[in-house]
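**Student:** If it helps, the file is called my_file-v9.txt and holds compact mmCIF, C-alpha atoms:
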```txt
# COMPACT_ATOMS: atom_id res chain seq x y z
CA MET A 23 -28.32 26.80 -0.94
CA THR A 24 -28.29 27.28 2.84
CA ASP A 25 -26.23 29.89 4.63
CA GLN A 26 -23.93 27.13 5.88
CA HIS A 27 -23.27 25.88 2.35
CA ARG A 28 -22.79 29.45 1.13
CA VAL A 29 -20.06 29.90 3.75
CA ILE A 30 -18.37 26.70 2.57
CA ARG A 31 -18.54 27.95 -1.02
CA GLU A 32 -17.24 31.44 -0.26
CA THR A 33 -14.69 30.94 2.51
CA GLY A 34 -13.65 27.27 2.48
CA PRO A 35 -11.08 25.67 0.21
CA ASP A 36 -12.06 25.43 -3.45
CA VAL A 37 -13.17 21.79 -3.26
CA ILE A 38 -12.60 19.91 -6.54
CA ASP A 39 -14.07 16.41 -6.94
CA VAL A 40 -12.34 14.33 -9.65
CA HIS A 41 -14.52 11.21 -9.30
CA ALA A 42 -18.06 11.94 -10.49
CA HIS A 43 -19.73 9.84 -13.19
CA ALA A 44 -22.50 11.09 -15.46
CA VAL A 45 -25.18 9.38 -17.54
CA LEU A 46 -25.79 11.51 -20.62
CA PRO A 47 -29.29 11.49 -22.15
CA MET A 48 -27.92 12.22 -25.63
CA SER A 49 -25.81 9.04 -25.48
CA LEU A 50 -28.84 6.75 -25.06
CA GLY A 51 -29.07 4.41 -28.02
CA ALA A 52 -25.82 5.73 -29.47
CA ALA A 53 -24.25 2.24 -29.39
CA GLY A 54 -26.97 0.71 -31.56
CA ALA A 55 -28.33 -2.59 -30.30
CA ALA A 56 -26.04 -2.36 -27.27
CA GLY A 57 -27.93 0.70 -26.02
CA PRO A 58 -27.59 2.20 -23.53
CA GLU A 59 -31.30 1.97 -22.72
CA LEU A 60 -33.34 3.32 -19.84
CA GLY A 61 -36.70 1.78 -18.98
CA THR A 62 -39.07 0.50 -16.35
CA SER A 63 -39.66 -3.18 -15.54
CA PRO A 64 -43.20 -4.57 -15.25
CA ASP A 65 -42.80 -4.49 -11.46
CA GLY A 66 -42.13 -0.74 -11.62
CA ARG A 67 -38.39 -0.88 -11.02
CA PRO A 68 -36.19 1.27 -13.25
CA PHE A 69 -33.57 -0.49 -15.32
CA TYR A 70 -30.50 0.51 -17.34
CA ARG A 71 -29.47 -1.89 -20.10
CA VAL A 72 -26.02 -2.09 -21.64
CA GLY A 73 -25.75 -4.90 -24.18
CA ASP A 74 -26.95 -8.09 -22.50
CA TYR A 75 -26.44 -6.68 -19.01
CA VAL A 76 -29.37 -5.09 -17.20
CA LEU A 77 -28.89 -3.06 -14.03
CA HIS A 78 -32.10 -3.09 -12.01
CA GLY A 79 -33.26 -0.71 -9.31
CA VAL A 80 -31.01 2.30 -9.95
CA ARG A 81 -32.94 5.42 -10.94
CA TYR A 82 -30.77 7.63 -13.10
CA GLU A 83 -33.52 9.94 -14.34
CA GLY A 84 -34.11 12.85 -12.02
CA SER A 85 -30.87 12.11 -10.12
CA PRO A 86 -27.52 13.95 -10.16
CA PHE A 87 -26.35 11.44 -12.77
CA MET A 88 -28.70 12.86 -15.41
CA ASP A 89 -30.18 16.13 -14.12
CA VAL A 90 -27.57 18.86 -14.00
CA ASP A 91 -29.68 21.13 -11.78
CA VAL A 92 -30.05 18.33 -9.23
CA ARG A 93 -26.30 17.76 -9.45
CA ILE A 94 -25.43 21.40 -8.81
CA GLU A 95 -27.81 21.54 -5.86
CA ALA A 96 -26.25 18.37 -4.41
CA MET A 97 -22.76 19.76 -4.96
CA ASP A 98 -23.73 22.89 -3.04
CA ALA A 99 -25.09 20.79 -0.21
CA ALA A 100 -21.86 18.80 -0.07
CA GLY A 101 -19.61 21.88 -0.25
CA ILE A 102 -18.13 20.88 -3.62
CA HIS A 103 -17.20 23.71 -5.96
CA ARG A 104 -16.16 21.87 -9.12
CA GLN A 105 -16.42 18.35 -10.49
CA LEU A 106 -14.73 16.46 -13.27
CA LEU A 107 -17.56 14.52 -14.92
CA SER A 108 -16.57 11.14 -16.31
CA PRO A 109 -18.20 8.33 -18.30
CA ASN A 110 -20.40 5.73 -16.64
CA PRO A 111 -18.12 2.68 -16.21
CA LEU A 112 -20.97 0.47 -17.44
CA THR A 113 -20.64 2.04 -20.88
CA TYR A 114 -16.97 1.75 -21.75
CA PHE A 115 -18.07 -0.62 -24.55
CA HIS A 116 -14.59 -2.08 -24.96
CA ASP A 117 -16.11 -5.18 -26.61
CA LEU A 118 -17.94 -3.38 -29.43
CA ASP A 119 -16.61 -3.25 -32.97
CA ALA A 120 -14.34 -0.26 -33.49
CA ARG A 121 -16.70 1.65 -35.79
CA THR A 122 -19.67 1.45 -33.41
CA ALA A 123 -17.47 2.27 -30.43
CA THR A 124 -16.03 5.31 -32.20
CA GLY A 125 -19.50 6.57 -33.04
CA TYR A 126 -20.64 6.10 -29.47
CA CYS A 127 -17.61 7.90 -28.04
CA ARG A 128 -18.14 10.85 -30.37
CA ALA A 129 -21.80 11.15 -29.33
CA HIS A 130 -20.85 10.77 -25.68
CA ASN A 131 -18.12 13.39 -25.81
CA ASP A 132 -20.28 15.84 -27.75
CA ALA A 133 -22.94 15.46 -25.05
CA MET A 134 -20.37 15.78 -22.27
CA ALA A 135 -19.04 19.02 -23.73
CA GLU A 136 -22.56 20.39 -24.08
CA LEU A 137 -23.31 19.53 -20.45
CA VAL A 138 -20.12 21.15 -19.17
CA ARG A 139 -20.90 24.32 -21.09
CA THR A 140 -24.11 24.76 -19.06
CA HIS A 141 -22.03 25.37 -15.91
CA PRO A 142 -18.44 26.12 -17.01
CA ASP A 143 -17.49 27.44 -13.59
CA ARG A 144 -18.66 24.25 -11.84
CA LEU A 145 -18.12 21.37 -14.25
CA LEU A 146 -15.29 19.84 -16.29
CA GLY A 147 -15.53 16.84 -18.59
CA ALA A 148 -13.47 13.74 -19.39
CA ALA A 149 -13.50 12.07 -22.79
CA GLN A 150 -14.44 8.46 -23.42
CA LEU A 151 -12.26 6.77 -26.03
CA PRO A 152 -12.72 3.85 -28.48
CA MET A 153 -9.91 1.70 -27.14
CA GLN A 154 -10.55 -1.02 -29.74
CA ASP A 155 -8.60 1.15 -32.20
CA ILE A 156 -5.76 3.15 -30.66
CA GLY A 157 -5.50 5.38 -33.72
CA ALA A 158 -9.19 6.24 -33.40
CA ALA A 159 -8.75 6.75 -29.65
CA VAL A 160 -5.92 9.22 -30.25
CA ALA A 161 -7.98 11.07 -32.86
CA GLU A 162 -11.00 11.27 -30.55
CA LEU A 163 -8.88 12.50 -27.66
CA GLU A 164 -7.40 15.21 -29.87
CA ARG A 165 -10.89 16.25 -31.05
CA SER A 166 -12.28 16.17 -27.52
CA VAL A 167 -9.54 18.40 -26.13
CA ARG A 168 -8.93 20.78 -29.02
CA GLU A 169 -12.47 21.18 -30.37
CA LEU A 170 -14.74 20.30 -27.43
CA GLY A 171 -12.63 21.63 -24.58
CA LEU A 172 -12.70 18.45 -22.48
CA SER A 173 -10.07 18.16 -19.76
CA ALA A 174 -8.93 14.54 -19.57
CA ALA A 175 -8.93 11.07 -21.08
CA TYR A 176 -10.91 8.38 -19.27
CA ILE A 177 -10.26 4.65 -19.79
CA GLY A 178 -10.88 1.35 -18.03
CA THR A 179 -8.35 -0.65 -16.08
CA ASP A 180 -8.66 -3.37 -18.73
CA PRO A 181 -9.48 -1.53 -21.98
CA GLY A 182 -9.23 -4.57 -24.23
CA ARG A 183 -5.46 -4.63 -23.91
CA ARG A 184 -2.96 -4.30 -21.09
CA LEU A 185 -2.13 -0.79 -19.96
CA ASP A 186 1.55 -1.47 -20.66
CA ASP A 187 0.90 -2.84 -24.15
CA PRO A 188 3.31 -0.97 -26.49
CA ALA A 189 0.29 -0.05 -28.64
CA MET A 190 -0.90 2.14 -25.76
CA ASP A 191 2.19 4.34 -26.01
CA ALA A 192 0.63 6.36 -28.83
CA LEU A 193 -2.28 7.30 -26.56
CA TYR A 194 0.02 8.22 -23.69
CA GLU A 195 2.15 10.33 -26.01
CA ALA A 196 -0.96 12.08 -27.27
CA ALA A 197 -2.10 12.86 -23.72
CA VAL A 198 1.31 14.35 -22.94
CA GLY A 199 1.28 16.37 -26.14
CA LEU A 200 -2.21 17.69 -25.40
CA ASP A 201 -1.22 18.33 -21.76
CA VAL A 202 -4.13 16.38 -20.26
CA PRO A 203 -4.19 13.61 -17.65
CA VAL A 204 -5.39 10.05 -18.15
CA PHE A 205 -7.88 8.72 -15.59
CA VAL A 206 -8.14 4.95 -15.04
CA HIS A 207 -11.24 3.38 -13.45
CA PRO A 208 -12.56 -0.23 -13.45
CA THR A 209 -15.75 -1.40 -15.08
CA PRO A 210 -18.33 -3.63 -13.38
CA ILE A 211 -18.06 -7.21 -14.54
CA GLY A 212 -21.59 -7.42 -15.91
CA ALA A 213 -24.09 -10.24 -15.84
CA ASP A 214 -21.88 -13.32 -15.96
CA GLY A 215 -19.20 -12.55 -13.38
CA PRO A 216 -15.50 -13.39 -13.66
CA PRO A 217 -15.28 -16.49 -15.86
CA ASP A 218 -12.52 -18.01 -13.73
CA ASP A 219 -13.85 -17.27 -10.23
CA PRO A 220 -17.59 -17.48 -9.53
CA ARG A 221 -16.87 -16.65 -5.87
CA MET A 222 -16.71 -13.00 -6.94
CA ARG A 223 -20.45 -13.09 -7.63
CA ARG A 224 -21.20 -13.46 -3.92
CA PHE A 225 -21.77 -10.53 -1.55
CA ASP A 226 -21.25 -7.98 -4.35
CA LEU A 227 -17.54 -8.81 -4.20
CA ASP A 228 -17.19 -7.75 -7.84
CA LEU A 229 -17.68 -4.20 -6.54
CA LEU A 230 -16.35 -4.48 -2.98
CA PHE A 231 -13.13 -6.28 -3.89
CA GLY A 232 -13.07 -6.65 -7.68
CA PHE A 233 -12.59 -2.93 -8.26
CA ALA A 234 -9.64 -2.86 -5.85
CA ALA A 235 -8.08 -5.87 -7.55
CA ASP A 236 -8.44 -4.27 -11.00
CA GLU A 237 -6.95 -1.00 -9.77
CA THR A 238 -4.00 -2.83 -8.22
CA LEU A 239 -3.41 -4.66 -11.50
CA ALA A 240 -3.48 -1.30 -13.26
CA VAL A 241 -0.85 0.08 -10.88
CA ALA A 242 1.33 -2.99 -11.50
CA ALA A 243 1.08 -2.55 -15.27
CA LEU A 244 1.92 1.15 -15.07
CA VAL A 245 4.90 0.58 -12.77
CA PHE A 246 6.32 -2.88 -13.57
CA GLY A 247 5.30 -2.60 -17.22
CA GLY A 248 7.36 0.58 -17.59
CA VAL A 249 4.61 2.99 -18.66
CA LEU A 250 5.66 5.65 -16.15
CA HIS A 251 9.32 5.08 -16.98
CA ARG A 252 8.78 5.45 -20.75
CA HIS A 253 6.55 8.52 -20.31
CA PRO A 254 8.07 10.65 -17.56
CA ARG A 255 5.68 13.56 -18.23
CA LEU A 256 2.52 11.43 -18.25
CA ASP A 257 -0.04 12.10 -15.51
CA VAL A 258 -2.18 9.04 -14.69
CA CYS A 259 -4.83 9.08 -11.96
CA VAL A 260 -6.11 5.75 -10.61
CA SER A 261 -9.42 5.58 -8.75
CA HIS A 262 -10.04 4.52 -5.14
CA GLY A 263 -6.49 5.12 -3.96
CA GLY A 264 -5.07 2.69 -6.50
CA GLY A 265 -6.96 -0.27 -5.05
CA THR A 266 -4.74 -2.19 -2.61
CA MET A 267 -1.60 -0.36 -3.74
CA ALA A 268 -0.82 1.14 -0.35
CA TYR A 269 -1.14 -2.24 1.36
CA VAL A 270 0.97 -4.22 -1.13
CA ALA A 271 3.58 -1.51 -1.85
CA GLY A 272 6.08 -3.30 0.36
CA ARG A 273 5.70 -6.53 -1.58
CA PHE A 274 6.06 -4.62 -4.85
CA ALA A 275 9.25 -3.02 -3.54
CA ARG A 276 10.59 -6.35 -2.30
CA ALA A 277 10.21 -7.85 -5.77
CA ALA A 278 12.51 -5.14 -7.14
CA GLN A 279 15.01 -5.53 -4.30
CA VAL A 280 15.48 -9.30 -4.56
CA PRO A 281 15.06 -8.93 -7.63
CA ARG A 282 12.75 -11.29 -9.48
CA ALA A 283 13.87 -12.46 -12.92
CA TRP A 284 11.29 -10.34 -14.76
CA VAL A 285 12.16 -7.09 -12.98
CA PRO A 286 13.34 -4.52 -15.57
CA ASP A 287 16.65 -2.74 -15.14
CA PHE A 288 15.09 0.63 -14.36
CA LEU A 289 13.35 -0.84 -11.29
CA ARG A 290 16.51 -2.64 -10.18
CA GLU A 291 18.29 0.72 -10.29
CA ASN A 292 15.57 3.08 -9.03
CA GLY A 293 13.31 0.89 -6.94
CA VAL A 294 9.50 0.94 -7.00
CA GLU A 295 8.76 3.89 -4.69
CA PRO A 296 9.62 6.73 -7.12
CA TYR A 297 7.18 5.31 -9.65
CA LEU A 298 4.42 4.68 -7.11
CA ARG A 299 4.73 8.33 -6.11
CA ARG A 300 4.38 9.36 -9.75
CA LEU A 301 0.81 8.12 -9.72
CA TRP A 302 -2.12 10.39 -8.97
CA LEU A 303 -4.66 8.70 -6.69
CA ASP A 304 -8.09 9.75 -5.51
CA THR A 305 -8.95 9.54 -1.82
CA HIS A 306 -12.22 7.60 -2.13
CA VAL A 307 -11.10 4.81 0.21
CA HIS A 308 -13.92 4.86 2.81
CA SER A 309 -11.76 4.75 5.93
CA GLU A 310 -9.63 7.16 7.94
CA ARG A 311 -7.10 4.40 8.58
CA SER A 312 -6.95 3.52 4.89
CA LEU A 313 -6.41 7.17 4.05
CA ASP A 314 -3.64 7.41 6.66
CA LEU A 315 -1.88 4.43 5.07
CA LEU A 316 -2.31 5.91 1.60
CA VAL A 317 -0.75 9.18 2.75
CA GLU A 318 2.14 7.32 4.40
CA VAL A 319 2.92 5.26 1.30
CA ALA A 320 2.05 7.66 -1.53
CA GLY A 321 2.68 11.02 0.12
CA THR A 322 0.30 13.92 -0.43
CA ASP A 323 1.76 15.58 -3.54
CA ARG A 324 -0.48 13.62 -5.93
CA LEU A 325 -3.55 12.79 -3.90
CA VAL A 326 -6.84 14.28 -5.11
CA PHE A 327 -10.34 14.36 -3.68
CA GLY A 328 -12.89 11.94 -5.15
CA THR A 329 -16.41 10.92 -4.10
CA ASN A 330 -18.06 8.67 -6.71
CA PHE A 331 -20.67 11.40 -6.43
CA ALA A 332 -24.24 10.13 -5.97
CA GLY A 333 -23.05 6.53 -6.37
CA TRP A 334 -23.88 3.69 -3.99
CA ASP A 335 -20.70 4.24 -1.96
CA ALA A 336 -20.49 8.04 -2.13
CA GLY A 337 -19.76 9.86 1.10
CA GLY A 338 -22.69 12.23 0.68
CA ALA A 339 -22.70 15.54 2.49
CA GLY A 340 -19.96 14.33 4.85
CA ALA A 341 -17.41 13.49 2.17
CA VAL A 342 -15.60 16.82 2.48
CA GLU A 343 -15.30 16.46 6.25
CA GLU A 344 -13.90 12.92 5.91
CA VAL A 345 -10.60 14.18 4.50
CA GLY A 346 -10.30 16.89 7.18
CA GLY A 347 -7.30 19.16 6.96
CA LEU A 348 -6.07 17.49 3.76
CA MET A 349 -8.64 19.31 1.65
CA PRO A 350 -6.56 22.41 0.78
CA THR A 351 -3.75 20.12 -0.43
CA LEU A 352 -6.12 17.84 -2.33
CA SER A 353 -7.80 20.74 -4.10
CA ALA A 354 -4.49 22.40 -4.99
CA ASN A 355 -3.33 19.06 -6.38
CA ALA A 356 -6.52 18.67 -8.43
CA ALA A 357 -6.05 22.16 -9.86
CA ARG A 358 -2.55 21.12 -11.01
CA LEU A 359 -3.74 17.79 -12.37
CA LEU A 360 -6.59 19.39 -14.34
CA ARG A 361 -4.49 22.37 -15.47
CA LEU A 362 -6.74 24.93 -13.82
CA GLY A 363 -3.98 27.46 -13.38
```
Would you kindly transcribe this structure into structure tokens?

**Tutor:**
Amino acid sequence: MTDQHRVIRETGPDVIDVHAHAVLPMSLGAAGAAGPELGTSPDGRPFYRVGDYVLHGVRYEGSPFMDVDVRIEAMDAAGIHRQLLSPNPLTYFHDLDARTATGYCRAHNDAMAELVRTHPDRLLGAAQLPMQDIGAAVAELERSVRELGLSAAYIGTDPGRRLDDPAMDALYEAAVGLDVPVFVHPTPIGADGPPDDPRMRRFDLDLLFGFAADETLAVAALVFGGVLHRHPRLDVCVSHGGGTMAYVAGRFARAAQVPRAWVPDFLRENGVEPYLRRLWLDTHVHSERSLDLLVEVAGTDRLVFGTNFAGWDAGGAGAVEEVGGLMPTLSANAARLLRLG
């Protein structure tokens, strides 16, 4: 660690990154025939296989995703003190049978807890859950928090059922009872692309726009679907600033003001804004103007710093500087969200 990074560590704000995925060696093969599997193609390119989908050209081995010493060194270089490690979105496995998914999640969470214990002052862990079976998901969350010491639940924006499905209430109630937040992040669409819109396969739009669309749909389910209303103590954090939430907030509000026929009574009475401001959102939005709009619409009370650390769109060593004077607020918020006292 250089003198400059040591100064950041010792005198700067306690930077907490809530958006940092990990690939856990102990989870490889834990989903049976679905993998995950690491290998090398005949042309020398690394690959990562999940079910029938193969991601080519991304080297996980020896990177911050898999090597904790490389991660800590990169965190020091970026001026990041602590990270919440979360599952690889490629391996949510929402389409597996419940028994296999439960076994995978247990192996994943055991490995996550073991990794976090190597650097307890620098790393926290989020639990992956078998969303095929909500009862099993609740049980695994309880085990992960009470026995393994993990700090959050981590689910997809489309975990095999809508986020406002009444069946999900048991999971939300469990998170409140355990006093842990729920993080929501999209999954890549895999090899075949959206079945109803092949245009999303062009220009990497499944990543560049598809994630934002999924996050916006998640916000709509949480707000219009009444999740935040039914669970007033629930803390939910949506990745990438909630997708396009800041841009479409006015249209969401207008729907409640008119109101549309489907608008529930609680939104007719309270409006949309109080519920939008109940959401926690990370600041990984790639643009100063986008961040300004997010602050204007969502306020700063529930914004947290996120980087997609070491990912294709991570901010690298400049990520801390990109949020400027917001960092003390973001880190204080993250400490509240993660119950760091």

**Student:** Counting all atoms listed in the file, figure out which residue out of A:Val270, A:Ala197, A:Cys259, A:Val326 gets nearest to Gln105 in chain A.

**Tutor:**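 Answer, going by the shortest atom-to-atom distance: A:Val326.
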
**Student:** Report, in Å to a single decimal, how far apart CA of Asp155 in chain A and CA of Thr122 in chain A are.

**Tutor:** 11.1 Å

**Student:** Can you pull out the residues contacting Ile156 in chain A? Cut-off 10 Å, using all atoms listed in the file, and skip same-chain residues under 5 positions away; I want them as a PyMOL selection string.

**Tutor:** chain A and resi 120+151+161-162+189-193

**Student:** With all atoms listed in the file as the atoms that count, which of A:Arg121, A:Gly333, A:Leu352, A:Phe288 lies nearest to Val45 in chain A?

**Tutor:**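 Between A:Arg121, A:Gly333, A:Leu352, A:Phe288, the residue approaching Val45 in chain A most closely is A:Gly333.
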
**Student:** Could you pull the residues within 12 Å of Ile38 in chain A, counting all atoms listed in the file, minus those fewer than 5 positions along the same chain, as a PyMOL selection string?

**Tutor:** chain A and resi 31+97+100-107+143-146+304-305+325-329+331+341-342+349-360+362

**Student:** Just to confirm, what's the straight-line distance from CA of Asp187 in chain A to CA of Val249 in chain A in Å (one decimal)?

**Tutor:** 8.8 Å

**Student:** Using all atoms listed in the file, find the one residue out of A:Leu118, A:Leu298, A:Val76, A:Leu46 that sits nearest to Val90 in chain A.

**Tutor:**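 Counting all atoms listed in the file, the residue closest to Val90 in chain A is A:Leu46.
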
**Student:** Expressed in Å to a single decimal, how great is the separation between CA of Pro64 in chain A and CA of Val80 in chain A?

**Tutor:**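 Answer for the CA of Pro64 in chain A to CA of Val80 in chain A separation: 15.0 Å.
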
**Student:** Between A:Gly346, A:Gly363, A:Pro109, A:Gly147, which has the minimum distance to Ala44 in chain A (counting all atoms listed in the file)?

**Tutor:**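 Closest candidate: A:Pro109.
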
**Student:** Using only C-alpha atoms, determine which residues lie at most 10 Å from His78 in chain A, disregarding the query and same-chain residues fewer than 4 positions distant; provide the list as a list in words.

**Tutor:**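 Using only C-alpha atoms, the neighbours found are Gly61, Thr62, Ser63, Arg67, Pro68, Phe69, Tyr70 and Arg71 of chain A.
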
**Student:** Would you pick out the contacts of Leu172 in chain A at 8 Å or less, using all atoms listed in the file, so that residues sharing its chain but fewer than 5 positions from it are not included, and give the list as a ChimeraX atom specification?

**Tutor:** /A:135,146-149,166-167

**Student:** Rank nothing, just name the residue among A:Asp117, A:Trp302, A:Cys127, A:Pro188 nearest to Val204 in chain A, using only C-alpha atoms.

**Tutor:**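 Ranking A:Asp117, A:Trp302, A:Cys127, A:Pro188 by distance to Val204 in chain A, first place goes to A:Trp302.
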
**Student:** List every protein, DNA or RNA residue that has at least one atom no more than 12 Å from (-29.0, 8.9, -22.8) in the file's coordinates, counting all atoms listed in the file, and write the result as a PDB file with C-alpha atoms, keeping the file's coordinate frame.

**Tutor:**
```pdb
ATOM      1  CA  ALA A  44     -22.500  11.090 -15.460  1.00  0.00           C
ATOM      2  CA  VAL A  45     -25.180   9.380 -17.540  1.00  0.00           C
ATOM      3  CA  LEU A  46     -25.790  11.510 -20.620  1.00  0.00           C
ATOM      4  CA  PRO A  47     -29.290  11.490 -22.150  1.00  0.00           C
ATOM      5  CA  MET A  48     -27.920  12.220 -25.630  1.00  0.00           C
ATOM      6  CA  SER A  49     -25.810   9.040 -25.480  1.00  0.00           C
ATOM      7  CA  LEU A  50     -28.840   6.750 -25.060  1.00  0.00           C
ATOM      8  CA  GLY A  51     -29.070   4.410 -28.020  1.00  0.00           C
ATOM      9  CA  ALA A  52     -25.820   5.730 -29.470  1.00  0.00           C
ATOM     10  CA  ALA A  53     -24.250   2.240 -29.390  1.00  0.00           C
ATOM     11  CA  GLY A  57     -27.930   0.700 -26.020  1.00  0.00           C
ATOM     12  CA  PRO A  58     -27.590   2.200 -23.530  1.00  0.00           C
ATOM     13  CA  GLU A  59     -31.300   1.970 -22.720  1.00  0.00           C
ATOM     14  CA  LEU A  60     -33.340   3.320 -19.840  1.00  0.00           C
ATOM     15  CA  GLY A  61     -36.700   1.780 -18.980  1.00  0.00           C
ATOM     16  CA  TYR A  70     -30.500   0.510 -17.340  1.00  0.00           C
ATOM     17  CA  ARG A  71     -29.470  -1.890 -20.100  1.00  0.00           C
ATOM     18  CA  VAL A  72     -26.020  -2.090 -21.640  1.00  0.00           C
ATOM     19  CA  TYR A  82     -30.770   7.630 -13.100  1.00  0.00           C
ATOM     20  CA  GLU A  83     -33.520   9.940 -14.340  1.00  0.00           C
ATOM     21  CA  PHE A  87     -26.350  11.440 -12.770  1.00  0.00           C
ATOM     22  CA  MET A  88     -28.700  12.860 -15.410  1.00  0.00           C
ATOM     23  CA  ASP A  89     -30.180  16.130 -14.120  1.00  0.00           C
ATOM     24  CA  PRO A 109     -18.200   8.330 -18.300  1.00  0.00           C
ATOM     25  CA  ASN A 110     -20.400   5.730 -16.640  1.00  0.00           C
ATOM     26  CA  THR A 113     -20.640   2.040 -20.880  1.00  0.00           C
ATOM     27  CA  TYR A 126     -20.640   6.100 -29.470  1.00  0.00           C
ATOM     28  CA  ALA A 129     -21.800  11.150 -29.330  1.00  0.00           C
ATOM     29  CA  HIS A 130     -20.850  10.770 -25.680  1.00  0.00           C
ATOM     30  CA  ALA A 133     -22.940  15.460 -25.050  1.00  0.00           C
ATOM     31  CA  MET A 134     -20.370  15.780 -22.270  1.00  0.00           C
TER      32      MET A 134
END
```

**Student:** Fewer than 6 positions away in the same chain doesn't count, so skip those; otherwise give me all residues within 12 Å of Glu344 in chain A, counting only C-alpha atoms, as an MDAnalysis selection string.

**Tutor:** chainID A and resid 100 305:314 327:329 336:338

**Student:** Between A:Val294, A:Val260, A:Ala283, A:Val317, which one has atoms that come closest to Gly248 in chain A, using only C-alpha atoms?

**Tutor:**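 Going through A:Val294, A:Val260, A:Ala283, A:Val317 one by one, the smallest distance to Gly248 in chain A is for A:Val294.
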
**Student:** Quick one: what's the axis-aligned box for range 276-286 of chain A, all listed atoms, 4 Å on every side, centre and edges in Å to one decimal, as AutoDock Vina command-line options?

**Tutor:**
```
--center_x 12.8 --center_y -8.5 --center_z -8.9 --size_x 13.3 --size_y 15.9 --size_z 21.3
```

**Student:** Would you mind putting back N, CA, C and O atoms on range 250-262 of chain A, then writing it out as a short mmCIF file (atom, residue, chain, number, x, y, z; two decimals), in the frame of the given file?

**Tutor:**
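File produced: rebuild_18.cif:
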```
data_model
loop_
_atom_site.label_atom_id
_atom_site.label_comp_id
_atom_site.auth_asym_id
_atom_site.auth_seq_id
_atom_site.Cartn_x
_atom_site.Cartn_y
_atom_site.Cartn_z
N LEU A 250 5.22 4.41 -16.78
CA LEU A 250 5.66 5.65 -16.15
C LEU A 250 7.12 5.94 -16.46
O LEU A 250 7.53 7.11 -16.51
N HIS A 251 7.91 4.89 -16.64
CA HIS A 251 9.32 5.08 -16.98
C HIS A 251 9.47 5.59 -18.41
O HIS A 251 10.27 6.50 -18.68
N ARG A 252 8.68 5.04 -19.34
CA ARG A 252 8.78 5.45 -20.75
C ARG A 252 8.18 6.83 -20.99
O ARG A 252 8.55 7.50 -21.96
N HIS A 253 7.26 7.25 -20.11
CA HIS A 253 6.55 8.52 -20.31
C HIS A 253 6.67 9.37 -19.04
O HIS A 253 5.72 9.47 -18.25
N PRO A 254 7.83 9.95 -18.82
CA PRO A 254 8.07 10.65 -17.56
C PRO A 254 7.18 11.87 -17.34
O PRO A 254 7.06 12.33 -16.21
N ARG A 255 6.55 12.39 -18.38
CA ARG A 255 5.68 13.56 -18.23
C ARG A 255 4.20 13.18 -18.19
O ARG A 255 3.34 14.05 -18.13
N LEU A 256 3.90 11.89 -18.24
CA LEU A 256 2.52 11.43 -18.25
C LEU A 256 1.91 11.51 -16.85
O LEU A 256 2.51 11.05 -15.87
N ASP A 257 0.71 12.08 -16.76
CA ASP A 257 -0.04 12.10 -15.51
C ASP A 257 -1.17 11.09 -15.60
O ASP A 257 -2.07 11.23 -16.45
N VAL A 258 -1.14 10.07 -14.74
CA VAL A 258 -2.18 9.04 -14.69
C VAL A 258 -2.79 9.05 -13.30
O VAL A 258 -2.06 8.99 -12.29
N CYS A 259 -4.12 9.11 -13.23
CA CYS A 259 -4.83 9.08 -11.96
C CYS A 259 -5.64 7.79 -11.87
O CYS A 259 -6.47 7.52 -12.75
N VAL A 260 -5.42 7.01 -10.82
CA VAL A 260 -6.11 5.75 -10.61
C VAL A 260 -7.13 5.93 -9.49
O VAL A 260 -6.84 6.55 -8.46
N SER A 261 -8.32 5.40 -9.69
CA SER A 261 -9.42 5.58 -8.75
C SER A 261 -9.21 4.82 -7.45
O SER A 261 -8.38 3.91 -7.36
N HIS A 262 -9.97 5.22 -6.43
CA HIS A 262 -10.04 4.52 -5.14
C HIS A 262 -8.65 4.25 -4.53
O HIS A 262 -8.38 3.17 -4.02
#
```
